[in-house]
Amino acid sequence: MELTGATILLESLKKEGVDVVFGYPGGAVLDIYNELPRHEEIRHVLVRHEQGAVHAADGYARASGKVGVCLVTSGPGATNTVTGIATAYCDSIPLVVLTGQVPTPLIGNDAFQEVDIVGITRPCTKHNYLVKDITKLASTIKEAFYLARSGRPGPVLVDIPKDVQNQLCEFVYPDDIKMRSYNPTYKPNLNQLRRAVDHIMMAKRPLIFAGGGVITSNASAELGELARSLRIPVVGSLMGLGGFPGDDPLWLGMLGMHGTYAANKAVSNADVIIAAGARFDDRVTGKLSTFAPGAKIIHIDIDPTSIRKNVEVHVPVVGDCRHALAGIQEIVNTRMAEKDWQGVHGDWIRQVEEWRAAQPVTYIENGTLKPQKVVETIFELTKGEAIITTEVGQNQMWTAQFYKFRKPRTLLTSGGLGTMGYGLPAALGAQMAFPDRMVIDIAGDGSIQMNSQELMTAVCNRLPVKIVILNNGFLGMVRQWQELFYKRNYCNTCMDAQPDFVKLAEAYGASGYRVTEESQLESVLKEAFANPNTCIIDVHVEREENVYPMVPAGASLEEMLLV
Amino acid sequence: MRHLLSVLVENEPGVLSRVAGLFSGRGFNVDSLNVAPTLEEGVSLMTITTTGDDQIVEQIIKQLRKLVTVIKVVDFQDLAAVEREMALMKVYAEDSRRAEILRIADIFRCKVVDVSMNELTIEATGDHGKIEAIIALLTRFGIKEIARTGTVAMRRSMQPES
Ligand SMILES: Cc1cc2nc3c(=O)[nH]c(=O)nc-3n(C[C@H](O)[C@H](O)[C@H](O)COP(=O)(O)OP(=O)(O)OC[C@H]3O[C@@H](n4cnc5c(N)ncnc54)[C@H](O)[C@@H]3O)c2cc1C
Ligand SMILES: Cc1ncc(C[n+]2csc(CCOP(=O)(O)OP(=O)(O)O)c2C)c(N)n1
Ligand SMILES: [Mg+2]
């Protein structure tokens, strides 16, 4: 039977198992919206800004591991998605972004609400398409989902002109897909794995560095087994948090600019580093010439461009983390199952434990309400089981340091792009994926104002997300840099002119709470967490608290400023 | 170091801007770029000359391979290859200098493809170095206009044993 383009699109989404679409209508997608009510399997969440739709789809994807989907109109609808797409691109998150486009005969004529969104998003998507031919629609959707979720995942945009949505065509959804120009490598080369094991067996001071790729590839179990059976300490990037339990004795914490003393010391003194799914970002390495000076680096990554992009690698392993870590384990097991690894690495483990004990992440308690205390309390109340999203800045770093993430996909944060305004829409996306779990956005007072309109989306979809604002009346992270590196010239970072966040919550039909004293903190958080409504908890914290440790930009990892 | 890359791509709208955008967005150099269809329908060949140290060229090649529309990338650095480019040059050629210009053209096995009272248009074909040499020699007569192709290249049938 012949179907319209709009129907073909929705049928294709169902074939991909899509159960929720985050979107916002407009002229160029009216035909799709007109068709939508007839497809009950797909729930549509009407956001209040298209940026929110993309972050929500992104939060849904990060929490569930599935592809997030959003649908927006042409022109301004499409341009509003760009920050969200770039955010997902930088963190390798699988999304399919569907945009309406002006009818094909009008393309290129500066038609009403026409933008070249394929041109605009070319550098921040994994791939993108303009579908001009109705017979290509179904196969393009198939390809888009395949590209988004396979290999190194990423956002894929599909631009669909209005006339294509109306044309008729036989609907045939392809069963599988073959692209001669795209073939990600999952199974690593066996010789490289053997070489990796050669280095691991010789190592006296080995270290595992878990990156976001461990989360993507669901490799936590394999990573945990390797670390525990060989007694190798583990550090993680911001994106790797949760990939190894934050309460495991082998865990040293996050490395990098705001990493722990123990993690940065360990990297600087290791002789072999097994980096799994990490891209050696400058926030991680600090000054490159002094990064891990004594280490041979084994780098597992599914994307060859990540390898040797920033640091010299001794054993490149192109492939999926899970396959690679399991492969390494297997070779180790057959070569020397009985080895006393605790004995071999004992001195090194004692050394990293000394570092950890000497300088744990901490803060000075002085009777004021410290932001770190807020995160600690959230951790205790949720027993580390909540899904946490963050905004960007100090709130994000304190979350990384003081919430001991124990499971993968429990920290959703914009790492690569550092997008303020990410946390709230991402939280509601995660809540859509897991209606019964506790989802908390640990926010800053600045960031929350960038997408606070999504409170309405949360409330009207009965999504009980909790927004805990670490309210310091500053763009705190920028203020910290001004304090430390610009002689306290607090130019345009004081944000004490702000809305009454309790009233803001109430205006949207959410519940609002305020905490100004440490003594109220636990009881108010408990009450809010038990409240089935969307909640804002506005916590007035010490205004000029800094995030420590801190490695100044461009300095070596060992040059940490400590509390 | 100059590298010559041959890049086989799906010939679809936007493929050129994907490749060009990759070079500009990541700050890679493009010295020349040539695109033309191959014998296989839907597949085009781009020949790109670029410069960079080993680490950069390695990134360029990996980034090109990562583009979803790129089928294959070959670096001619490691291969015996024939490479050619062509230049058309309109040179000032009054009577007194015409003979000399023609002699140079002859030495370089160029063709004269257009003549007028005081100009000669010369077609030169050769590798990059040869074209640069002809240009250098003709400059003193005054090159009024020049149009150059990018480099194209082909792997030699016989590769030296390595
Ligand atoms: C204010 C601020 C401060 C920050 N401070 C820090 C800091 O102190 N420390 C820190 O670590 N980060 C910090 N970040 C985050 C930082 O900017 C980067 O986002 C982060 O370090 C990148 O993590 P990653 O290397 O694990 O890579 P990701 O961006 O998660 O990339 C994943 C890598 O894994 C690969 N991969 C994907 N899938 C697979 C698979 N299946 N198998 C194998 N490989 C795969 C990808 O190709 C990629 O190379 C900060 C960010 C902000 C905004
Ligand atoms: C969209 C966007 N604009 C600007 C920045 C630069 N920036 C990084 S952190 C920060 C301050 C964030 O302030 P707030 O949300 O209050 O968090 P705090 O650091 O105070 O916890 C700013 C402005 C950014 N990351 N994102
Ligand atoms: Mg703030």
# chains A, B, ... in the order shown; residues from 1 in each chain; ligands from 1
>>> residues_near_ligand(ligand="ligand 3", cutoff="10 Å", atoms="only C-alpha atoms and all ligand atoms", output="number ranges by chain")
A: 391-395, 443-448, 469-479, 493-496, 540-541, 543-544
>>> select_by_dssp(residues="region 490-537 of chain A", states="strand (DSSP E or B)", output="PyMOL selection string")
chain A and resi 494+511-515+535-537
>>> write_last_selection(atoms="C-alpha atoms", output="compact mmCIF listing (two decimals), in the first residue's frame")
# COMPACT_ATOMS: atom_id res chain seq x y z
CA CYS A 494 27.86 38.41 40.04
CA SER A 511 6.86 22.77 44.35
CA GLY A 512 9.47 25.16 45.64
CA TYR A 513 11.70 24.87 48.71
CA ARG A 514 14.41 27.08 50.08
CA VAL A 515 17.31 26.14 52.29
CA CYS A 535 10.47 20.31 42.75
CA ILE A 536 12.98 23.09 42.92
CA ILE A 537 15.13 23.17 46.04
>>> atom_distance(atom1="CA of Gln372 (chain A)", atom2="CA of Leu207 (chain A)")
27.7 Å
>>> closest_residue(among="B:Ile60, B:Lys66, B:Asp31, B:Thr125", to="ligand 1", atoms="only C-alpha atoms and all ligand atoms")
B:Lys66
>>> interface_residues(of="chain A", to="chain B", cutoff="7 Å", atoms="only C-alpha atoms", output="mmCIF file with all heavy atoms, in the first residue's frame")
data_model
loop_
_atom_site.group_PDB
_atom_site.id
_atom_site.type_symbol
_atom_site.label_atom_id
_atom_site.label_comp_id
_atom_site.auth_asym_id
_atom_site.auth_seq_id
_atom_site.Cartn_x
_atom_site.Cartn_y
_atom_site.Cartn_z
ATOM 1 N N HIS A 127 26.540 12.532 10.942
ATOM 2 C CA HIS A 127 26.206 12.587 9.527
ATOM 3 C C HIS A 127 24.849 13.275 9.416
ATOM 4 O O HIS A 127 24.113 13.337 10.400
ATOM 5 C CB HIS A 127 26.131 11.188 8.927
ATOM 6 C CG HIS A 127 26.180 11.175 7.424
ATOM 7 N ND1 HIS A 127 27.205 11.743 6.718
ATOM 8 C CD2 HIS A 127 25.328 10.674 6.501
ATOM 9 C CE1 HIS A 127 26.978 11.597 5.424
ATOM 10 N NE2 HIS A 127 25.855 10.953 5.263
ATOM 11 N N ARG A 180 29.185 0.680 2.063
ATOM 12 C CA ARG A 180 30.577 0.345 1.751
ATOM 13 C C ARG A 180 31.532 1.368 2.359
ATOM 14 O O ARG A 180 32.709 1.110 2.504
ATOM 15 C CB ARG A 180 30.762 0.278 0.240
ATOM 16 C CG ARG A 180 30.449 1.589 -0.457
ATOM 17 C CD ARG A 180 30.650 1.488 -1.950
ATOM 18 N NE ARG A 180 29.936 2.581 -2.611
ATOM 19 C CZ ARG A 180 29.815 2.705 -3.917
ATOM 20 N NH1 ARG A 180 30.351 1.800 -4.705
ATOM 21 N NH2 ARG A 180 29.165 3.726 -4.438
ATOM 22 N N SER A 181 31.004 2.564 2.680
ATOM 23 C CA SER A 181 31.903 3.612 3.168
ATOM 24 C C SER A 181 31.878 3.738 4.686
ATOM 25 O O SER A 181 32.482 4.635 5.242
ATOM 26 C CB SER A 181 31.503 4.948 2.544
ATOM 27 O OG SER A 181 30.149 5.227 2.845
ATOM 28 N N TYR A 182 31.187 2.833 5.380
ATOM 29 C CA TYR A 182 31.100 2.952 6.840
ATOM 30 C C TYR A 182 31.094 1.576 7.458
ATOM 31 O O TYR A 182 30.173 0.804 7.232
ATOM 32 C CB TYR A 182 29.821 3.707 7.222
ATOM 33 C CG TYR A 182 29.579 3.780 8.718
ATOM 34 C CD1 TYR A 182 30.236 4.736 9.491
ATOM 35 C CD2 TYR A 182 28.698 2.912 9.342
ATOM 36 C CE1 TYR A 182 30.017 4.800 10.858
ATOM 37 C CE2 TYR A 182 28.474 2.978 10.712
ATOM 38 C CZ TYR A 182 29.140 3.928 11.452
ATOM 39 O OH TYR A 182 28.918 3.999 12.804
ATOM 40 N N PRO A 304 39.408 5.524 15.374
ATOM 41 C CA PRO A 304 40.857 5.685 15.186
ATOM 42 C C PRO A 304 41.320 7.137 15.335
ATOM 43 O O PRO A 304 42.466 7.366 15.707
ATOM 44 C CB PRO A 304 41.089 5.195 13.751
ATOM 45 C CG PRO A 304 39.907 4.355 13.421
ATOM 46 C CD PRO A 304 38.757 4.874 14.222
ATOM 47 N N THR A 305 40.447 8.103 15.078
ATOM 48 C CA THR A 305 40.908 9.502 15.177
ATOM 49 C C THR A 305 41.211 9.890 16.622
ATOM 50 O O THR A 305 41.946 10.846 16.862
ATOM 51 C CB THR A 305 39.892 10.527 14.621
ATOM 52 O OG1 THR A 305 38.765 10.595 15.492
ATOM 53 C CG2 THR A 305 39.435 10.188 13.227
ATOM 54 N N LYS A 309 45.698 11.396 18.754
ATOM 55 C CA LYS A 309 45.304 12.762 18.429
ATOM 56 C C LYS A 309 46.034 13.725 19.347
ATOM 57 O O LYS A 309 46.557 14.740 18.902
ATOM 58 C CB LYS A 309 43.785 12.923 18.596
ATOM 59 C CG LYS A 309 43.302 14.313 18.213
ATOM 60 C CD LYS A 309 41.899 14.570 18.702
ATOM 61 C CE LYS A 309 40.876 14.038 17.717
ATOM 62 N NZ LYS A 309 39.509 14.140 18.240
#
>>> residues_around(residues="region 154-170 of chain A", least_positions_apart="6", cutoff="6 Å", atoms="only C-alpha atoms", output="JSON, numbers by chain")
{"A": [1, 2, 3, 4, 5, 6, 28, 89, 92, 93, 94, 95, 96, 97, 98, 99, 100, 101, 102, 103, 104, 125, 126, 127, 128, 129, 130, 131, 134, 144, 148]}
>>> residues_around(residues="region 195-197 of chain A", least_positions_apart="3", cutoff="8 Å", atoms="only C-alpha atoms", output="PDB file with N, CA and C atoms, in the first residue's frame")
ATOM      1  N   ASN A 191      46.691  -9.380  17.662  1.00  0.00           N
ATOM      2  CA  ASN A 191      48.099  -9.076  17.937  1.00  0.00           C
ATOM      3  C   ASN A 191      48.253  -7.856  18.820  1.00  0.00           C
ATOM      4  N   GLN A 192      47.397  -6.854  18.584  1.00  0.00           N
ATOM      5  CA  GLN A 192      47.477  -5.665  19.423  1.00  0.00           C
ATOM      6  C   GLN A 192      47.104  -6.016  20.862  1.00  0.00           C
ATOM      7  N   ILE A 200      51.147  -5.109  30.087  1.00  0.00           N
ATOM      8  CA  ILE A 200      50.443  -5.202  31.375  1.00  0.00           C
ATOM      9  C   ILE A 200      51.181  -6.161  32.323  1.00  0.00           C
ATOM     10  N   MET A 201      51.702  -7.261  31.740  1.00  0.00           N
ATOM     11  CA  MET A 201      52.382  -8.243  32.592  1.00  0.00           C
ATOM     12  C   MET A 201      53.687  -7.710  33.156  1.00  0.00           C
ATOM     13  N   ILE A 298      48.352   2.136  26.542  1.00  0.00           N
ATOM     14  CA  ILE A 298      47.560   1.227  25.716  1.00  0.00           C
ATOM     15  C   ILE A 298      46.229   1.937  25.515  1.00  0.00           C
ATOM     16  N   VAL A 315      50.463   1.211  22.389  1.00  0.00           N
ATOM     17  CA  VAL A 315      49.701   0.110  21.797  1.00  0.00           C
ATOM     18  C   VAL A 315      48.299   0.606  21.433  1.00  0.00           C
ATOM     19  N   ILE A 328      41.607  -8.924  26.493  1.00  0.00           N
ATOM     20  CA  ILE A 328      42.817  -8.798  27.310  1.00  0.00           C
ATOM     21  C   ILE A 328      42.737  -9.772  28.488  1.00  0.00           C
ATOM     22  N   ILE A 331      43.436 -13.372  27.435  1.00  0.00           N
ATOM     23  CA  ILE A 331      44.849 -13.670  27.188  1.00  0.00           C
ATOM     24  C   ILE A 331      45.605 -13.753  28.509  1.00  0.00           C
ATOM     25  N   VAL A 332      45.316 -12.832  29.417  1.00  0.00           N
ATOM     26  CA  VAL A 332      45.973 -12.872  30.726  1.00  0.00           C
ATOM     27  C   VAL A 332      45.660 -14.192  31.416  1.00  0.00           C
TER      28      VAL A 332
END
>>> closest_residue(among="A:Tyr186, A:Phe379, A:Phe402, A:Tyr422", to="ligand 2", atoms="only C-alpha atoms and all ligand atoms")
A:Tyr422
>>> closest_residue(among="A:Gly346, A:Pro371, A:Pro188, A:Pro464", to="ligand 1", atoms="only C-alpha atoms and all ligand atoms")
A:Pro188
>>> atom_distance(atom1="atom 39 (C, counted along the ligand's line) of ligand 1", atom2="CA of Thr216 (chain A)")
5.6 Å
>>> residues_around(residues="region 106-112 of chain B", least_positions_apart="2", cutoff="12 Å", atoms="only C-alpha atoms", output="VMD selection string")
chain B and resid 86 to 91 98 to 104 114 to 116 119 to 127 129 to 135 137 to 138
>>> write_last_selection(atoms="N, CA, C and O atoms", output="CSV table (one decimal), in the first residue's frame")
chain,number,residue,atom,x,y,z
B,86,MET,N,48.4,20.2,-14.6
B,86,MET,CA,48.5,21.0,-15.9
B,86,MET,C,48.3,22.5,-15.5
B,86,MET,O,47.6,22.8,-14.6
B,87,ALA,N,49.1,23.3,-16.3
B,87,ALA,CA,48.9,24.7,-16.2
B,87,ALA,C,48.7,25.4,-17.6
B,87,ALA,O,49.4,24.9,-18.5
B,88,LEU,N,47.8,26.3,-17.7
B,88,LEU,CA,47.7,27.2,-18.9
B,88,LEU,C,48.3,28.5,-18.5
B,88,LEU,O,47.8,29.1,-17.5
B,89,MET,N,49.2,29.0,-19.3
B,89,MET,CA,49.8,30.3,-19.0
B,89,MET,C,49.8,31.2,-20.2
B,89,MET,O,50.3,30.8,-21.3
B,90,LYS,N,49.3,32.4,-20.0
B,90,LYS,CA,49.3,33.4,-21.1
B,90,LYS,C,50.5,34.3,-20.8
B,90,LYS,O,50.6,35.0,-19.8
B,91,VAL,N,51.5,34.3,-21.7
B,91,VAL,CA,52.8,35.0,-21.5
B,91,VAL,C,52.9,36.1,-22.5
B,91,VAL,O,52.6,36.0,-23.6
B,98,ARG,N,60.0,36.2,-28.3
B,98,ARG,CA,59.2,35.1,-28.6
B,98,ARG,C,60.0,33.8,-28.8
B,98,ARG,O,59.6,32.7,-28.3
B,99,ALA,N,61.1,33.9,-29.4
B,99,ALA,CA,61.9,32.7,-29.7
B,99,ALA,C,62.4,32.1,-28.4
B,99,ALA,O,62.3,30.8,-28.3
B,100,GLU,N,62.8,32.9,-27.5
B,100,GLU,CA,63.3,32.3,-26.2
B,100,GLU,C,62.2,31.6,-25.5
B,100,GLU,O,62.4,30.5,-24.9
B,101,ILE,N,61.0,32.2,-25.5
B,101,ILE,CA,59.9,31.6,-24.8
B,101,ILE,C,59.5,30.3,-25.4
B,101,ILE,O,59.4,29.3,-24.7
B,102,LEU,N,59.6,30.3,-26.7
B,102,LEU,CA,59.3,29.0,-27.4
B,102,LEU,C,60.3,27.9,-27.1
B,102,LEU,O,60.0,26.8,-27.0
B,103,ARG,N,61.6,28.4,-27.0
B,103,ARG,CA,62.6,27.4,-26.7
B,103,ARG,C,62.4,26.8,-25.3
B,103,ARG,O,62.5,25.6,-25.1
B,104,ILE,N,62.0,27.6,-24.4
B,104,ILE,CA,61.7,27.1,-23.0
B,104,ILE,C,60.6,26.1,-23.1
B,104,ILE,O,60.6,25.0,-22.5
B,114,ASP,N,47.6,28.8,-28.0
B,114,ASP,CA,46.9,30.0,-28.5
B,114,ASP,C,48.0,31.0,-28.8
B,114,ASP,O,49.0,31.1,-28.0
B,115,VAL,N,47.9,31.8,-29.8
B,115,VAL,CA,48.9,32.8,-30.2
B,115,VAL,C,48.2,34.1,-30.6
B,115,VAL,O,47.1,34.0,-31.2
B,116,SER,N,48.8,35.2,-30.3
B,116,SER,CA,48.3,36.5,-30.8
B,116,SER,C,49.5,37.3,-31.1
B,116,SER,O,50.6,36.9,-30.9
B,119,GLU,N,51.1,37.8,-27.5
B,119,GLU,CA,50.9,36.9,-26.4
B,119,GLU,C,51.0,35.4,-26.9
B,119,GLU,O,50.7,35.1,-28.0
B,120,LEU,N,51.5,34.5,-26.0
B,120,LEU,CA,51.5,33.1,-26.3
B,120,LEU,C,50.8,32.4,-25.1
B,120,LEU,O,51.1,32.7,-24.0
B,121,THR,N,49.9,31.5,-25.4
B,121,THR,CA,49.3,30.7,-24.3
B,121,THR,C,49.9,29.3,-24.4
B,121,THR,O,49.9,28.6,-25.4
B,122,ILE,N,50.5,28.9,-23.3
B,122,ILE,CA,51.3,27.7,-23.2
B,122,ILE,C,50.6,26.7,-22.3
B,122,ILE,O,50.1,27.1,-21.2
B,123,GLU,N,50.6,25.5,-22.7
B,123,GLU,CA,50.0,24.4,-21.9
B,123,GLU,C,51.2,23.5,-21.4
B,123,GLU,O,51.9,23.0,-22.2
B,124,ALA,N,51.3,23.5,-20.1
B,124,ALA,CA,52.4,22.7,-19.5
B,124,ALA,C,51.8,21.5,-18.7
B,124,ALA,O,50.8,21.7,-18.0
B,125,THR,N,52.4,20.3,-18.8
B,125,THR,CA,51.9,19.2,-18.0
B,125,THR,C,53.1,18.6,-17.4
B,125,THR,O,54.2,18.4,-18.0
B,126,GLY,N,53.0,18.2,-16.2
B,126,GLY,CA,54.1,17.5,-15.5
B,126,GLY,C,53.8,17.4,-14.0
B,126,GLY,O,52.7,17.7,-13.6
B,127,ASP,N,54.8,16.9,-13.3
B,127,ASP,CA,54.6,16.8,-11.9
B,127,ASP,C,54.7,18.2,-11.3
B,127,ASP,O,55.0,19.2,-11.9
B,129,GLY,N,56.7,19.7,-9.3
B,129,GLY,CA,58.0,20.4,-9.4
B,129,GLY,C,58.3,21.0,-10.8
B,129,GLY,O,58.7,22.1,-10.9
B,130,LYS,N,57.9,20.2,-11.8
B,130,LYS,CA,58.1,20.7,-13.2
B,130,LYS,C,57.3,22.0,-13.4
B,130,LYS,O,57.8,22.9,-14.0
B,131,ILE,N,56.0,21.9,-13.0
B,131,ILE,CA,55.2,23.1,-13.2
B,131,ILE,C,55.7,24.3,-12.5
B,131,ILE,O,55.8,25.4,-13.1
B,132,GLU,N,56.2,24.1,-11.3
B,132,GLU,CA,56.8,25.2,-10.5
B,132,GLU,C,58.0,25.8,-11.3
B,132,GLU,O,58.2,27.0,-11.3
B,133,ALA,N,58.8,24.9,-11.9
B,133,ALA,CA,60.0,25.3,-12.6
B,133,ALA,C,59.7,26.1,-13.8
B,133,ALA,O,60.3,27.1,-14.1
B,134,ILE,N,58.7,25.7,-14.6
B,134,ILE,CA,58.3,26.4,-15.8
B,134,ILE,C,57.8,27.8,-15.4
B,134,ILE,O,58.2,28.8,-16.0
B,135,ILE,N,57.0,27.9,-14.4
B,135,ILE,CA,56.4,29.1,-13.9
B,135,ILE,C,57.6,30.1,-13.5
B,135,ILE,O,57.6,31.2,-13.9
B,137,LEU,N,60.6,30.0,-14.6
B,137,LEU,CA,61.3,30.5,-15.8
B,137,LEU,C,60.6,31.5,-16.6
B,137,LEU,O,61.1,32.4,-17.2
B,138,LEU,N,59.3,31.3,-16.7
B,138,LEU,CA,58.5,32.3,-17.5
B,138,LEU,C,58.1,33.6,-16.9
B,138,LEU,O,57.7,34.5,-17.5
>>> residues_near_ligand(ligand="ligand 1", cutoff="7 Å", atoms="only C-alpha atoms and all ligand atoms", output="VMD selection string")
chain A and resid 90 to 92 151 to 153 210 to 214 216 to 217 236 to 240 254 to 259 276 to 281 283 to 284 300 to 303 306 319 to 322 392 to 394 396 to 397 414 to 418
>>> residues_around(residues="region 40-49 of chain B", least_positions_apart="4", cutoff="9 Å", atoms="only C-alpha atoms", output="number ranges by chain")
B: 2-12, 16, 29-36, 71, 150-153
